[in-house]
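Read through the structure below, which is laid out as structure tokens, and then see the notes.
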Number of protein chains: 2
Amino acid sequence: MAFSIETALQLPPAAPRETGDIGTEAPCRACPIRHAAVRGNIAEAELEKLFAAGTEVTLQRGQTLFTEGDAAAYLYSISGGSMMVYKMTRDGRRQITGFLYDGDLLGLVNDGKYAYSAEAISSCKLFAYPLSETEAFVQRYPQVERRLGRITRQELVENQEQMLLLGRKSARERVASFLLKLLRQAKDRGKEAGAIHIPMTREMIGDYLGLTTETVSRVLSAFGREKIISVDRSCSLAHVLDVPHLKNIAEGLS
Amino acid sequence: MAFSIETALQLPPAAPRETGDIGTEAPCRACPIRHAAVRGNIAEAELEKLFAAGTEVTLQRGQTLFTEGDAAAYLYSISGGSMMVYKMTRDGRRQITGFLYDGDLLGLVNDGKYAYSAEAISSCKLFAYPLSETEAFVQRYPQVERRLGRITRQELVENQEQMLLLGRKSARERVASFLLKLLRQAKDRGKEAGAIHIPMTREMIGDYLGLTTETVSRVLSAFGREKIISVDRSCSLAHVLDVPHLKNIAEGLS
DNA sequence: CGTGAAGTTGAGTATGCTCAACGGTGGTGG
DNA sequence: CCACCACCGTTGAGCATACTCAACTTCACG
């Protein structure tokens, strides 16, 4: 198996965010590249050069950033909004491999091509780093390379967790696990306890969990009837009423 | 989410193997660390120091190398035999996330702990690099770090492929995809065309594909009846008779 | 030659899918 | 401003795929 030199990277959970910080370089406040660079005492001039080489991208809900197999030119960093990355079978079945948010990187490259497709879930702002510039920068600053390595390995761990879910868990267990993941992310982002914002449709949730829209809907309704969660009329907001119960379900203990 | 500094790595497909080479350092002929190091013109003395810090490990079929959650101390390189890595639910359901062979690295670490369990499929020889030594070595030689990064990203790509399989493919599609993967690997290792050695049990195949033993067995029998493959009486050797047909099945085109 | 693990095959079943109908909602244009 | 329409979500009925349970065979190994 050949390894491409230009193979690039991805991740979901990035650096701890400085939410209140109104910085001067708006697109890169949360970007992990910048985060590592700042901690590594890299010359501002070097950073500015990298940023100058990049461009900002704005996407509307439903717009595609790139498609699996496209020749890769950029590594992207999300500065606002949510994205999803997915793979498809030839006959149109979709597997969403990740939801990405503010501060996450995307653009996993294999053999010069993107390894998955990326689409905006909501209106989205991204910063695009040209791959060539990024590679040079990363190689120049080992601490940035090391940080990207940790991010990639973290991603690997999460994908393996998801493989266990897809291969071995029931529909109820999958949905419960998903809700707990959203809850954890909301907590990490400093949202109030128990409330979770759900920016994706039921169909996307199904395509992430290996289920159909209908099954996701049925399980969520059942959880509502069982007073484990309460779902807002808008369908994009939920409250977890019984976290321990949900954890038990996610682990197959009920 | 916290990133651990000691997070380490893993991969399946390593460097092209020099099969005929009877080297002097037996355990490391195929190891990708050595491979990258040799290409990078690293002083032999440095390499010897790293190898001197490591130890050889021998495992019998069925023996566990480490268990998910164990405190991580070593990065392993397989020098002979086959291993599997897996995750389990609390109630004992297993998802095998990868089969590893000669020359592959294993020991993905998260937060100081192994992220999965590892067990020998056949008698197995490994070389154990102490993590501390390895980290120092890797940081000292950027080309080695870069190689490990590519390996990790390649692993990520394969895991996402597997997520598509687990979430969206039928039993026939899964088994067909698996056979084609084995076939590709056999070809990469220079085995004769069409013949594939299957070192794992039906149960392991099921736990890798998100199926039960019985379903794997039934699908293989069906493929045999349809003259797509022929399975040896020993169950550990198969011949693919109709590769195009198998590819069609794997892609859902039949 | 006996024993246990692995594999195969069959019968019945359950989980989640398919197909269909319907209600709510938000955006758009008359 | 309101009506329309498309999209999303929900719910029901029936069904199919893969699972469970069980019996039996084969093989490796003592």
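Each chain in the structure tokens gets a letter, A, B and so on, in the order shown; residues start at 1 in every chain, and ligands are counted from 1 in the order they appear.
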Counting only C-alpha atoms (C1' of nucleotides), which residues of chain A sit at most 8 Å from some atom of chain D, and what is each one's closest atom pair with its distance in Å to one decimal, listed by chain and rising residue number, as JSON lines?
{"residue": "A:Thr201", "atom": "CA", "partner": "D:DC8", "partner_atom": "C1'", "distance": 7.7}
{"residue": "A:Arg202", "atom": "CA", "partner": "D:DG9", "partner_atom": "C1'", "distance": 7.7}
{"residue": "A:Glu214", "atom": "CA", "partner": "D:DT10", "partner_atom": "C1'", "distance": 8.0}
{"residue": "A:Ser217", "atom": "CA", "partner": "D:DT10", "partner_atom": "C1'", "distance": 6.9}
{"residue": "A:Arg218", "atom": "CA", "partner": "D:DT10", "partner_atom": "C1'", "distance": 7.8}
Take the residues just selected and output them with C-alpha atoms as a PDB file, in the first residue's frame.
ATOM      1  CA  THR A 201     -31.896  16.412  10.759  1.00  0.00           C
ATOM      2  CA  ARG A 202     -33.240  13.008  11.797  1.00  0.00           C
ATOM      3  CA  GLU A 214     -38.062   6.507  11.044  1.00  0.00           C
ATOM      4  CA  SER A 217     -37.740   9.268  15.284  1.00  0.00           C
ATOM      5  CA  ARG A 218     -39.405   6.294  16.951  1.00  0.00           C
TER       6      ARG A 218
END
Interface residues on chain A facing chain C, 9 Å, only C-alpha atoms (C1' of nucleotides), written as a PyMOL selection string: chain A and resi 170-171+211-212+214-215+234
For the selection just defined, write its residues with N, CA and C atoms to a file, as a JSON list (two decimals), in the first residue's frame.
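Final file, again_16.json:
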[["chain", "number", "residue", "atom", "x", "y", "z"],
["A", 170, "SER", "N", -27.72, -1.88, 19.65],
["A", 170, "SER", "CA", -29.11, -1.80, 19.19],
["A", 170, "SER", "C", -29.48, -0.35, 18.91],
["A", 171, "ALA", "N", -30.63, -0.16, 18.29],
["A", 171, "ALA", "CA", -31.07, 1.18, 17.92],
["A", 171, "ALA", "C", -31.17, 2.07, 19.16],
["A", 211, "LEU", "N", -28.90, 3.91, 10.99],
["A", 211, "LEU", "CA", -30.32, 3.65, 11.15],
["A", 211, "LEU", "C", -31.10, 4.44, 10.11],
["A", 212, "THR", "N", -32.42, 4.21, 10.03],
["A", 212, "THR", "CA", -33.25, 5.02, 9.15],
["A", 212, "THR", "C", -33.84, 6.19, 9.95],
["A", 214, "GLU", "N", -36.90, 6.96, 10.27],
["A", 214, "GLU", "CA", -38.06, 6.51, 11.04],
["A", 214, "GLU", "C", -37.65, 5.89, 12.37],
["A", 215, "THR", "N", -36.61, 5.08, 12.34],
["A", 215, "THR", "CA", -36.16, 4.43, 13.58],
["A", 215, "THR", "C", -35.66, 5.47, 14.58],
["A", 234, "SER", "N", -39.54, 22.37, 18.07],
["A", 234, "SER", "CA", -38.72, 22.69, 16.90],
["A", 234, "SER", "C", -37.88, 21.48, 16.46]]
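The residue set within 7 Å of range 76-80 of chain B, counting only C-alpha atoms (C1' of nucleotides) and dropping same-chain residues fewer than 6 places from it, reads Pro27, Cys28, Ala30, Cys31, Tyr101, Asp102, Gly103, Asp104, Leu105, Leu106, Gly107, Cys124, Lys125, Leu126, Phe127, Ala128 and Tyr129 of chain B.
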Taking N, CA and C atoms for each residue, export the selection above as a short mmCIF file (atom, residue, chain, number, x, y, z; two decimals), in the first residue's frame.
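The resulting file, again08.cif, is shown below:
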data_model
loop_
_atom_site.label_atom_id
_atom_site.label_comp_id
_atom_site.auth_asym_id
_atom_site.auth_seq_id
_atom_site.Cartn_x
_atom_site.Cartn_y
_atom_site.Cartn_z
N PRO B 27 14.12 -9.12 14.56
CA PRO B 27 12.78 -8.66 14.93
C PRO B 27 12.35 -7.42 14.18
N CYS B 28 13.25 -6.67 13.56
CA CYS B 28 12.89 -5.36 13.05
C CYS B 28 13.01 -5.22 11.55
N ALA B 30 10.96 -5.81 9.21
CA ALA B 30 9.78 -5.27 8.55
C ALA B 30 9.22 -4.03 9.24
N CYS B 31 9.74 -3.74 10.41
CA CYS B 31 9.16 -2.66 11.23
C CYS B 31 9.25 -1.31 10.53
N TYR B 101 -0.81 -7.66 10.84
CA TYR B 101 0.12 -8.69 10.39
C TYR B 101 1.55 -8.21 10.52
N ASP B 102 2.44 -9.03 10.02
CA ASP B 102 3.87 -8.74 9.97
C ASP B 102 4.16 -7.31 9.56
N GLY B 103 4.90 -6.60 10.39
CA GLY B 103 5.32 -5.26 10.03
C GLY B 103 4.38 -4.18 10.51
N ASP B 104 3.22 -4.56 11.03
CA ASP B 104 2.27 -3.57 11.52
C ASP B 104 2.63 -3.14 12.93
N LEU B 105 2.29 -1.89 13.24
CA LEU B 105 2.47 -1.36 14.59
C LEU B 105 1.17 -1.47 15.35
N LEU B 106 1.24 -1.64 16.66
CA LEU B 106 0.02 -1.52 17.45
C LEU B 106 0.32 -0.97 18.82
N GLY B 107 -0.70 -0.35 19.40
CA GLY B 107 -0.55 0.29 20.70
C GLY B 107 -1.09 1.70 20.72
N CYS B 124 2.79 -15.61 17.68
CA CYS B 124 3.13 -14.25 17.28
C CYS B 124 4.42 -13.80 17.95
N LYS B 125 5.26 -13.12 17.17
CA LYS B 125 6.46 -12.49 17.72
C LYS B 125 6.32 -10.99 17.57
N LEU B 126 6.60 -10.27 18.63
CA LEU B 126 6.53 -8.81 18.57
C LEU B 126 7.79 -8.20 19.15
N PHE B 127 8.03 -6.95 18.76
CA PHE B 127 9.09 -6.18 19.38
C PHE B 127 8.43 -5.05 20.15
N ALA B 128 8.82 -4.88 21.41
CA ALA B 128 8.19 -3.87 22.27
C ALA B 128 9.14 -2.69 22.47
N TYR B 129 8.73 -1.51 21.98
CA TYR B 129 9.50 -0.30 22.21
C TYR B 129 8.93 0.43 23.43
#
Using only C-alpha atoms, what table do you get, as JSON lines, when you list each residue of chain B with an atom no more than 6 Å from chain A, its nearest pair of atoms, and their distance in Å rounded to one decimal, rows by chain then rising number?
{"residue": "B:Gln95", "atom": "CA", "partner": "A:Leu164", "partner_atom": "CA", "distance": 5.2}
{"residue": "B:Leu156", "atom": "CA", "partner": "A:Leu156", "partner_atom": "CA", "distance": 5.8}
{"residue": "B:Met163", "atom": "CA", "partner": "A:Met163", "partner_atom": "CA", "distance": 5.9}
{"residue": "B:Leu164", "atom": "CA", "partner": "A:Gln95", "partner_atom": "CA", "distance": 5.2}
{"residue": "B:Leu166", "atom": "CA", "partner": "A:Gly167", "partner_atom": "CA", "distance": 5.5}
{"residue": "B:Gly167", "atom": "CA", "partner": "A:Gly210", "partner_atom": "CA", "distance": 4.1}
{"residue": "B:Gly210", "atom": "CA", "partner": "A:Gly167", "partner_atom": "CA", "distance": 4.1}
Given the selection you just returned, output its residues as a file containing N, CA and C atoms, formatted as a CSV table (one decimal), in the first residue's frame.
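Output contents, as saved in part.csv:
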chain,number,residue,atom,x,y,z
B,95,GLN,N,-16.4,-5.9,19.2
B,95,GLN,CA,-16.2,-5.4,17.8
B,95,GLN,C,-14.7,-5.4,17.6
B,156,LEU,N,-6.9,5.9,9.7
B,156,LEU,CA,-8.1,6.6,9.8
B,156,LEU,C,-9.0,6.4,8.6
B,163,MET,N,-16.6,2.0,8.7
B,163,MET,CA,-17.8,2.5,9.2
B,163,MET,C,-18.9,2.5,8.2
B,164,LEU,N,-18.5,2.8,7.0
B,164,LEU,CA,-19.5,2.7,5.9
B,164,LEU,C,-20.1,1.2,5.8
B,166,LEU,N,-20.1,-1.1,8.1
B,166,LEU,CA,-20.8,-1.5,9.3
B,166,LEU,C,-22.2,-0.8,9.4
B,167,GLY,N,-22.3,0.4,8.9
B,167,GLY,CA,-23.5,1.2,9.1
B,167,GLY,C,-24.5,1.0,7.9
B,210,GLY,N,-19.5,-7.1,12.1
B,210,GLY,CA,-20.8,-6.8,12.8
B,210,GLY,C,-21.9,-7.8,12.4
Which residue of A:Val175, A:Lys49, A:Tyr74, A:Tyr141 approaches Lys113 in chain A most closely, using only C-alpha atoms: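 Distance minimum relative to Lys113 in chain A lands on A:Tyr74.
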Picked from range 2-226 of chain B by DSSP as strand (DSSP E or B), as an MDAnalysis selection string: chainID B and resid 55:59 64:66 71 74:80 83:88 94:100 105:106 109:110 113:114 117:120 124:130 195:197
Can I get the selection written as a CSV table (one decimal), in the first residue's frame, with N, CA and C atoms?
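The resulting file, again_12.csv, is shown below:
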chain,number,residue,atom,x,y,z
B,55,THR,N,12.3,-5.0,23.9
B,55,THR,CA,12.4,-6.4,24.2
B,55,THR,C,11.5,-7.2,23.2
B,56,GLU,N,11.9,-8.4,23.1
B,56,GLU,CA,11.0,-9.3,22.2
B,56,GLU,C,9.9,-9.9,23.0
B,57,VAL,N,8.8,-10.1,22.4
B,57,VAL,CA,7.6,-10.7,23.1
B,57,VAL,C,7.1,-11.9,22.2
B,58,THR,N,6.8,-13.0,22.8
B,58,THR,CA,6.3,-14.1,22.0
B,58,THR,C,4.9,-14.4,22.6
B,59,LEU,N,3.9,-14.6,21.8
B,59,LEU,CA,2.6,-14.9,22.2
B,59,LEU,C,2.0,-16.2,21.5
B,64,THR,N,-3.5,-12.7,25.2
B,64,THR,CA,-3.8,-11.3,25.2
B,64,THR,C,-2.5,-10.5,25.4
B,65,LEU,N,-2.2,-9.5,24.6
B,65,LEU,CA,-1.0,-8.7,24.7
B,65,LEU,C,-1.3,-7.6,25.7
B,66,PHE,N,-2.5,-6.9,25.6
B,66,PHE,CA,-2.9,-5.9,26.5
B,66,PHE,C,-4.4,-5.7,26.4
B,71,ALA,N,-2.8,0.6,31.6
B,71,ALA,CA,-1.8,1.7,31.5
B,71,ALA,C,-0.8,1.3,30.4
B,74,TYR,N,4.3,0.3,26.2
B,74,TYR,CA,5.0,0.0,25.0
B,74,TYR,C,4.2,0.3,23.7
B,75,LEU,N,5.0,0.5,22.7
B,75,LEU,CA,4.5,0.5,21.3
B,75,LEU,C,5.1,-0.8,20.7
B,76,TYR,N,4.2,-1.6,20.1
B,76,TYR,CA,4.6,-2.9,19.6
B,76,TYR,C,4.7,-2.9,18.1
B,77,SER,N,5.6,-3.7,17.6
B,77,SER,CA,5.7,-3.9,16.2
B,77,SER,C,5.7,-5.4,15.9
B,78,ILE,N,4.8,-5.9,15.1
B,78,ILE,CA,4.7,-7.3,14.8
B,78,ILE,C,5.8,-7.8,13.9
B,79,SER,N,6.6,-8.8,14.3
B,79,SER,CA,7.6,-9.3,13.4
B,79,SER,C,7.3,-10.7,12.9
B,80,GLY,N,6.1,-11.3,13.4
B,80,GLY,CA,5.7,-12.6,12.9
B,80,GLY,C,4.4,-13.0,13.4
B,83,MET,N,-2.3,-10.6,14.6
B,83,MET,CA,-3.0,-10.1,15.9
B,83,MET,C,-4.3,-9.6,15.5
B,84,MET,N,-5.2,-9.4,16.5
B,84,MET,CA,-6.4,-8.6,16.3
B,84,MET,C,-6.5,-7.6,17.4
B,85,VAL,N,-7.1,-6.5,17.1
B,85,VAL,CA,-7.4,-5.5,18.1
B,85,VAL,C,-8.9,-5.3,18.2
B,86,TYR,N,-9.5,-5.1,19.4
B,86,TYR,CA,-10.9,-5.0,19.5
B,86,TYR,C,-11.4,-4.2,20.7
B,87,LYS,N,-12.6,-3.8,20.7
B,87,LYS,CA,-13.3,-3.1,21.8
B,87,LYS,C,-14.4,-4.0,22.2
B,88,MET,N,-14.9,-3.9,23.5
B,88,MET,CA,-16.0,-4.7,23.9
B,88,MET,C,-17.0,-3.8,24.7
B,94,ARG,N,-18.4,-7.9,21.2
B,94,ARG,CA,-17.1,-7.6,20.8
B,94,ARG,C,-17.1,-7.0,19.4
B,95,GLN,N,-16.4,-5.9,19.2
B,95,GLN,CA,-16.2,-5.4,17.8
B,95,GLN,C,-14.7,-5.4,17.6
B,96,ILE,N,-14.3,-6.2,16.6
B,96,ILE,CA,-12.9,-6.2,16.2
B,96,ILE,C,-12.7,-5.0,15.3
B,97,THR,N,-11.7,-4.2,15.6
B,97,THR,CA,-11.5,-3.0,14.8
B,97,THR,C,-10.4,-3.1,13.8
B,98,GLY,N,-9.6,-4.2,13.9
B,98,GLY,CA,-8.6,-4.5,12.9
B,98,GLY,C,-7.8,-5.8,13.1
B,99,PHE,N,-7.4,-6.3,12.0
B,99,PHE,CA,-6.5,-7.5,12.0
B,99,PHE,C,-5.1,-7.0,11.6
B,100,LEU,N,-4.1,-7.3,12.3
B,100,LEU,CA,-2.7,-6.8,12.0
B,100,LEU,C,-1.8,-7.9,11.7
B,105,LEU,N,2.3,-1.9,13.2
B,105,LEU,CA,2.5,-1.4,14.6
B,105,LEU,C,1.2,-1.5,15.3
B,106,LEU,N,1.2,-1.6,16.7
B,106,LEU,CA,0.0,-1.5,17.4
B,106,LEU,C,0.3,-1.0,18.8
B,109,VAL,N,-2.7,4.7,22.0
B,109,VAL,CA,-2.8,5.2,23.4
B,109,VAL,C,-3.6,6.4,23.5
B,110,ASN,N,-4.6,6.5,24.5
B,110,ASN,CA,-5.3,7.7,24.7
B,110,ASN,C,-5.3,7.9,26.2
B,113,LYS,N,-3.7,5.4,28.4
B,113,LYS,CA,-4.2,4.0,28.4
B,113,LYS,C,-4.4,3.5,27.0
B,114,TYR,N,-4.2,2.2,26.9
B,114,TYR,CA,-4.5,1.6,25.5
B,114,TYR,C,-6.0,1.8,25.2
B,117,SER,N,-8.1,-3.6,23.1
B,117,SER,CA,-7.4,-4.8,23.5
B,117,SER,C,-6.7,-5.4,22.3
B,118,ALA,N,-5.7,-6.2,22.6
B,118,ALA,CA,-5.0,-6.8,21.5
B,118,ALA,C,-4.7,-8.3,21.9
B,119,GLU,N,-5.0,-9.2,20.9
B,119,GLU,CA,-4.9,-10.6,21.2
B,119,GLU,C,-4.3,-11.3,20.0
B,120,ALA,N,-3.5,-12.3,20.2
B,120,ALA,CA,-2.8,-13.1,19.1
B,120,ALA,C,-3.8,-14.0,18.5
B,124,CYS,N,2.8,-15.6,17.7
B,124,CYS,CA,3.1,-14.3,17.3
B,124,CYS,C,4.4,-13.8,18.0
B,125,LYS,N,5.3,-13.1,17.2
B,125,LYS,CA,6.5,-12.5,17.7
B,125,LYS,C,6.3,-11.0,17.6
B,126,LEU,N,6.6,-10.3,18.6
B,126,LEU,CA,6.5,-8.8,18.6
B,126,LEU,C,7.8,-8.2,19.2
B,127,PHE,N,8.0,-7.0,18.8
B,127,PHE,CA,9.1,-6.2,19.4
B,127,PHE,C,8.4,-5.0,20.1
B,128,ALA,N,8.8,-4.9,21.4
B,128,ALA,CA,8.2,-3.9,22.3
B,128,ALA,C,9.1,-2.7,22.5
B,129,TYR,N,8.7,-1.5,22.0
B,129,TYR,CA,9.5,-0.3,22.2
B,129,TYR,C,8.9,0.4,23.4
B,130,PRO,N,9.7,0.7,24.4
B,130,PRO,CA,9.2,1.5,25.6
B,130,PRO,C,8.7,2.9,25.0
B,195,ALA,N,-5.7,-17.1,-4.3
B,195,ALA,CA,-5.7,-17.8,-3.1
B,195,ALA,C,-5.6,-16.9,-1.9
B,196,ILE,N,-6.5,-17.2,-0.9
B,196,ILE,CA,-6.4,-16.4,0.3
B,196,ILE,C,-6.4,-17.2,1.6
B,197,HIS,N,-5.4,-16.9,2.4
B,197,HIS,CA,-5.3,-17.6,3.7
B,197,HIS,C,-6.1,-16.8,4.7
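The nearest approach to Ala222 in chain A among the residues A:Ala36, A:Ala176, A:Glu46, A:Glu133, with only C-alpha atoms taken into account, belongs to A:Ala176.
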